[in-house]
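Enquirer: Okay, here's the structure, questions in a sec.
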Amino acid sequence: AKEQSIEEVLSYSVDVPELTTNLSSNDFIRISFKIQTDGKKAKEELQQRDFMVNNIIIEELSELNASDLKGKKGKELIETTIRKRVDSLMQEGSVDKVYITSMMIQ
């Protein structure tokens, strides 16, 4: 499989608007994502599953402490976890990558 051009990456990606939720450490997090799929059909399916994606993100974050999300490793952990869980829902295509586009813990 060839690497997608930046135009393809953008055209096959879905923005997840900013979510605010509690972490298990009683802190709260504001976070948003861009989820890259492998094609047009996958993008369309992902857009329809937006409420499921939000649910997965909230569930996963509720299990983490603020300290779990510190540094590069913490960010990679949440990106990978969300990618795997969302990809398991997909029937048309797959999720290639999850990017954190903004994040603030308070």
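Chain identifiers are assigned as A, B, and so on, following the order in which chains appear in the structure tokens; residues are numbered from 1 within each chain, and ligands are numbered from 1 in order of appearance.
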Can you list, as a ChimeraX atom specification, every protein, DNA or RNA residue that comes within 7 Å of region 12-14 of chain A when you count only C-alpha atoms, leaving out same-chain residues fewer than 2 positions away?

Expert: /A:8-10,16,34-40,43,47

Enquirer: For those residues, write all heavy atoms to a file as a short mmCIF file (atom, residue, chain, number, x, y, z; two decimals), in the first residue's frame.

Expert:
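Contents of part.cif, as written:
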```
data_model
loop_
_atom_site.label_atom_id
_atom_site.label_comp_id
_atom_site.auth_asym_id
_atom_site.auth_seq_id
_atom_site.Cartn_x
_atom_site.Cartn_y
_atom_site.Cartn_z
N GLU A 8 -4.96 13.39 0.26
CA GLU A 8 -5.75 12.20 0.58
C GLU A 8 -5.96 12.06 2.08
O GLU A 8 -7.06 11.74 2.54
CB GLU A 8 -5.07 10.94 0.03
CG GLU A 8 -5.11 10.83 -1.47
CD GLU A 8 -4.26 9.69 -2.01
OE1 GLU A 8 -3.14 9.47 -1.50
OE2 GLU A 8 -4.73 9.02 -2.93
N VAL A 9 -4.91 12.31 2.85
CA VAL A 9 -5.03 12.24 4.31
C VAL A 9 -6.15 13.16 4.78
O VAL A 9 -7.03 12.76 5.54
CB VAL A 9 -3.69 12.61 5.00
CG1 VAL A 9 -3.89 12.82 6.50
CG2 VAL A 9 -2.63 11.54 4.75
N LEU A 10 -6.13 14.39 4.29
CA LEU A 10 -7.15 15.36 4.71
C LEU A 10 -8.54 14.97 4.21
O LEU A 10 -9.52 15.09 4.94
CB LEU A 10 -6.78 16.76 4.23
CG LEU A 10 -5.55 17.36 4.91
CD1 LEU A 10 -5.16 18.68 4.26
CD2 LEU A 10 -5.76 17.53 6.40
N VAL A 16 -12.84 15.12 15.23
CA VAL A 16 -13.65 14.89 16.42
C VAL A 16 -13.60 16.19 17.22
O VAL A 16 -12.54 16.56 17.71
CB VAL A 16 -13.12 13.71 17.27
CG1 VAL A 16 -13.96 13.52 18.52
CG2 VAL A 16 -13.08 12.43 16.44
N LYS A 34 -8.19 14.22 15.21
CA LYS A 34 -8.44 14.01 13.79
C LYS A 34 -8.17 12.53 13.56
O LYS A 34 -7.12 12.02 13.94
CB LYS A 34 -7.52 14.86 12.91
CG LYS A 34 -7.85 14.73 11.41
CD LYS A 34 -6.98 15.63 10.54
CE LYS A 34 -7.40 17.07 10.56
NZ LYS A 34 -8.59 17.42 9.77
N ILE A 35 -9.15 11.85 12.97
CA ILE A 35 -9.03 10.41 12.73
C ILE A 35 -8.90 10.18 11.23
O ILE A 35 -9.78 10.57 10.46
CB ILE A 35 -10.24 9.64 13.30
CG1 ILE A 35 -10.34 9.87 14.81
CG2 ILE A 35 -10.10 8.14 12.98
CD1 ILE A 35 -11.54 9.20 15.47
N GLN A 36 -7.80 9.57 10.83
CA GLN A 36 -7.50 9.30 9.43
C GLN A 36 -7.96 7.89 9.06
O GLN A 36 -7.60 6.93 9.73
CB GLN A 36 -5.99 9.44 9.20
CG GLN A 36 -5.54 9.12 7.79
CD GLN A 36 -4.03 9.12 7.69
OE1 GLN A 36 -3.32 9.63 8.55
NE2 GLN A 36 -3.52 8.53 6.63
N THR A 37 -8.76 7.79 8.00
CA THR A 37 -9.22 6.50 7.51
C THR A 37 -8.49 6.15 6.22
O THR A 37 -7.73 6.95 5.69
CB THR A 37 -10.74 6.50 7.25
OG1 THR A 37 -11.01 7.35 6.12
CG2 THR A 37 -11.52 6.99 8.47
N ASP A 38 -8.80 4.97 5.70
CA ASP A 38 -8.11 4.53 4.47
C ASP A 38 -8.88 4.84 3.19
O ASP A 38 -8.46 4.44 2.12
CB ASP A 38 -7.78 3.04 4.56
CG ASP A 38 -9.01 2.16 4.54
OD1 ASP A 38 -10.15 2.68 4.69
OD2 ASP A 38 -8.85 0.93 4.40
N GLY A 39 -10.01 5.56 3.29
CA GLY A 39 -10.73 5.88 2.06
C GLY A 39 -12.05 6.59 2.32
O GLY A 39 -12.45 6.83 3.45
N LYS A 40 -12.73 6.90 1.20
CA LYS A 40 -13.96 7.68 1.25
C LYS A 40 -15.08 6.95 2.00
O LYS A 40 -15.79 7.53 2.82
CB LYS A 40 -14.39 8.00 -0.18
CG LYS A 40 -15.58 8.92 -0.27
CD LYS A 40 -15.91 9.27 -1.71
CE LYS A 40 -17.05 10.25 -1.73
NZ LYS A 40 -18.08 9.97 -2.65
N LYS A 43 -14.45 6.98 5.69
CA LYS A 43 -14.72 8.31 6.25
C LYS A 43 -16.22 8.51 6.46
O LYS A 43 -16.64 8.99 7.51
CB LYS A 43 -14.17 9.40 5.33
CG LYS A 43 -14.49 10.81 5.82
CD LYS A 43 -14.07 11.88 4.86
CE LYS A 43 -14.46 13.24 5.40
NZ LYS A 43 -13.99 14.33 4.55
N GLN A 47 -18.09 9.11 10.06
CA GLN A 47 -18.93 10.28 10.34
C GLN A 47 -20.28 9.86 10.92
O GLN A 47 -20.80 10.51 11.82
CB GLN A 47 -19.12 11.11 9.07
CG GLN A 47 -17.87 11.84 8.66
CD GLN A 47 -17.97 12.48 7.29
OE1 GLN A 47 -18.56 11.94 6.36
NE2 GLN A 47 -17.37 13.66 7.15
#
```

Enquirer: Residues within 10 Å of region 48-57 of chain A, please, as a PyMOL selection string. Count only C-alpha atoms; anything in the same chain fewer than 2 positions from it doesn't count.

Expert: chain A and resi 14-19+21+31-33+35+42-46+59-62+78-79+81-83+85-87+89-90

Enquirer: Using backbone DSSP assignments, extract all alpha helix (DSSP H) residues from chain A; output them as a VMD selection string.

Expert: chain A and resid 6 to 11 40 to 48 50 to 62 71 to 89

Enquirer: Compare A:Ser11, A:Asn26, A:Thr20, A:Ser5 by their minimum atom-to-atom distance to Glu63 (chain A), counting only C-alpha atoms, and give me the closest one.

Expert: A:Asn26

Enquirer: How far is it from CA of Gly71 (chain A) to CA of Asn22 (chain A), in Å with one decimal?

Expert: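 Taking CA of Gly71 (chain A) and CA of Asn22 (chain A), their separation equals 19.0 Å.
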
Enquirer: I'd like the interatomic distance between CA of Ile29 (chain A) and CA of Tyr99 (chain A), to a tenth of an Å.

Expert: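 Interatomic distance, CA of Ile29 (chain A) to CA of Tyr99 (chain A): 15.9 Å.
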
Enquirer: Quick check for you: according to DSSP on this backbone, which residues of region 2-99 of chain A are classed as strand (DSSP E or B)? Reply as an MDAnalysis selection string.

Expert: chainID A and resid 13:22 28:37 95:99
